[in-house]
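Structure first, then comments.
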Amino acid sequence: MVDSPAAEAVLVAAALREIGEIMFRRLLKHLTSPGWWARRAFRTADLTAIANAVKASEKIHRGEIRIAIEGPLPLRSLLANQSCRDRAAMLFHSLGVAATREANGILVYVQLVDRRVEILADRGIADVVAQAEWDAVCRRLETAFVARYYGVGMVDAITRITALLARHFPATGENPNELHDAPTLL
């Protein structure tokens, strides 16, 4: 049994040497980053502001927004060399975004250690909003994160997502809240 993340990283690195330097650096970075350290970027006030922004957003469109913020990836994801996009797709299903009534879920996935953002839209939304529009929101959010504007950047992203969803999926009489508004910290 391995006693520390650093020792575990050394053992795993020896077994995966042939995969290459990039994967090794990523593995080491994730294994040596405590979850609390990576997630400290989002203060309690930021998380509250994000939840409030999602709640307000969902009153003006039929989309369902879910925010997932993850520090280090699980070891299984690292060993499988899972991309941020693939991890987001897995979470899309496990967090219930794929199970919305109108296929109108949106997942905003933030991978803090890799410094990546992915937005996945369910088929009802993906049919009318081009992936390039979601990618533009992601890149803008990553730019805000580089400047350390985590909470402000996320609220801005929610505002941009709201504009896209309101244009294509305006709220109607019945608009149930199917997903949690508060960000999920993984």
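Residues are referred to by chain and number: the chain letter is A, B, ... according to the order shown in the structure tokens, the number counts from 1 in that chain, and ligands are numbered separately from 1 in the order shown.
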With only C-alpha atoms counted and 12 Å as the cut-off, give the residues of range 16-82 of chain A in contact with range 88-100 of chain A, each with its shortest interatomic distance in Å and the pair that gives it, as a Markdown table.
```
| residue | atom | partner | partner_atom | distance |
| --- | --- | --- | --- | --- |
| A:Arg62 | CA | A:Thr100 | CA | 10.4 |
| A:Gly63 | CA | A:Thr100 | CA | 9.0 |
| A:Glu64 | CA | A:Thr100 | CA | 7.6 |
| A:Ile65 | CA | A:Val97 | CA | 8.1 |
| A:Arg66 | CA | A:Val97 | CA | 7.0 |
| A:Ile67 | CA | A:Leu95 | CA | 9.7 |
| A:Ala68 | CA | A:Leu91 | CA | 8.2 |
| A:Ile69 | CA | A:Ala88 | CA | 10.3 |
| A:Glu70 | CA | A:Ala88 | CA | 10.2 |
| A:Leu73 | CA | A:Ala88 | CA | 11.3 |
| A:Ser77 | CA | A:Met90 | CA | 10.4 |
| A:Gln82 | CA | A:Ala88 | CA | 9.8 |
```
Selection to disk with C-alpha atoms, as a PDB file, in the first residue's frame:
```pdb
ATOM      1  CA  ARG A  62     -36.249  25.963 -20.689  1.00  0.00           C
ATOM      2  CA  GLY A  63     -32.637  24.776 -20.577  1.00  0.00           C
ATOM      3  CA  GLU A  64     -31.184  23.071 -17.518  1.00  0.00           C
ATOM      4  CA  ILE A  65     -27.658  24.163 -16.557  1.00  0.00           C
ATOM      5  CA  ARG A  66     -25.391  22.039 -14.382  1.00  0.00           C
ATOM      6  CA  ILE A  67     -21.954  23.206 -13.249  1.00  0.00           C
ATOM      7  CA  ALA A  68     -19.285  20.658 -12.253  1.00  0.00           C
ATOM      8  CA  ILE A  69     -15.954  21.843 -10.851  1.00  0.00           C
ATOM      9  CA  GLU A  70     -13.260  19.235 -10.422  1.00  0.00           C
ATOM     10  CA  LEU A  73      -8.988  13.632 -11.694  1.00  0.00           C
ATOM     11  CA  SER A  77      -9.371   8.570 -15.382  1.00  0.00           C
ATOM     12  CA  GLN A  82      -9.152  10.360 -20.243  1.00  0.00           C
TER      13      GLN A  82
END
```
Show me a table, sorted first by chain and then by increasing residue number, of the residues of range 98-176 of chain A having an atom at most 12 Å from range 38-42 of chain A, each with its shortest atom pair and the distance in Å to one decimal, counting only C-alpha atoms and written as a Markdown table.
```
| residue | atom | partner | partner_atom | distance |
| --- | --- | --- | --- | --- |
| A:Val110 | CA | A:Arg39 | CA | 10.2 |
| A:Gln111 | CA | A:Ala38 | CA | 9.3 |
| A:Leu112 | CA | A:Ala38 | CA | 6.1 |
| A:Val113 | CA | A:Ala38 | CA | 6.5 |
| A:Asp114 | CA | A:Ala38 | CA | 10.2 |
| A:Arg115 | CA | A:Ala38 | CA | 10.1 |
| A:Ala144 | CA | A:Ala41 | CA | 12.0 |
| A:Phe145 | CA | A:Ala41 | CA | 9.0 |
| A:Val146 | CA | A:Ala41 | CA | 11.2 |
| A:Ala147 | CA | A:Ala41 | CA | 11.5 |
| A:Arg148 | CA | A:Ala41 | CA | 7.7 |
| A:Tyr149 | CA | A:Ala41 | CA | 8.8 |
| A:Tyr150 | CA | A:Phe42 | CA | 6.3 |
| A:Gly151 | CA | A:Phe42 | CA | 6.3 |
| A:Val152 | CA | A:Phe42 | CA | 10.0 |
| A:Gly153 | CA | A:Phe42 | CA | 10.8 |
| A:Met154 | CA | A:Phe42 | CA | 9.8 |
| A:Val155 | CA | A:Phe42 | CA | 11.8 |
```
Select from range 58-132 of chain A everything DSSP, run on the backbone, classes as alpha helix (DSSP H), then give the selection as a PyMOL selection string. chain A and resi 75-79+84-94+123-126+131-132
Write a file of the just-selected residues containing C-alpha atoms, as a PDB file, in the first residue's frame.
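Writing done, so here's again_24.pdb:
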```
ATOM      1  CA  LEU A  75      -6.684   7.778 -10.735  1.00  0.00           C
ATOM      2  CA  ARG A  76      -8.774   5.591 -13.066  1.00  0.00           C
ATOM      3  CA  SER A  77      -9.371   8.570 -15.382  1.00  0.00           C
ATOM      4  CA  LEU A  78      -5.680   9.427 -15.367  1.00  0.00           C
ATOM      5  CA  LEU A  79      -4.521   5.898 -16.125  1.00  0.00           C
ATOM      6  CA  CYS A  84     -11.389  16.572 -20.259  1.00  0.00           C
ATOM      7  CA  ARG A  85     -14.048  16.185 -22.947  1.00  0.00           C
ATOM      8  CA  ASP A  86     -14.419  12.465 -22.207  1.00  0.00           C
ATOM      9  CA  ARG A  87     -14.586  13.131 -18.453  1.00  0.00           C
ATOM     10  CA  ALA A  88     -17.267  15.766 -19.082  1.00  0.00           C
ATOM     11  CA  ALA A  89     -19.242  13.256 -21.174  1.00  0.00           C
ATOM     12  CA  MET A  90     -19.100  10.733 -18.346  1.00  0.00           C
ATOM     13  CA  LEU A  91     -20.274  13.347 -15.828  1.00  0.00           C
ATOM     14  CA  PHE A  92     -22.975  14.491 -18.251  1.00  0.00           C
ATOM     15  CA  HIS A  93     -24.645  11.145 -17.662  1.00  0.00           C
ATOM     16  CA  SER A  94     -23.771  10.519 -14.013  1.00  0.00           C
ATOM     17  CA  ARG A 123     -29.266  16.670 -28.219  1.00  0.00           C
ATOM     18  CA  GLY A 124     -32.273  19.017 -28.024  1.00  0.00           C
ATOM     19  CA  ILE A 125     -29.934  21.990 -27.657  1.00  0.00           C
ATOM     20  CA  ALA A 126     -27.074  20.681 -29.791  1.00  0.00           C
ATOM     21  CA  GLN A 131     -20.692  23.595 -30.800  1.00  0.00           C
ATOM     22  CA  ALA A 132     -18.562  26.546 -31.936  1.00  0.00           C
TER      23      ALA A 132
END
```
Could you go through chain A and tell me which residues DSSP, when run on the backbone, assigns to strand (DSSP E), listing them as a count of residues only? 22
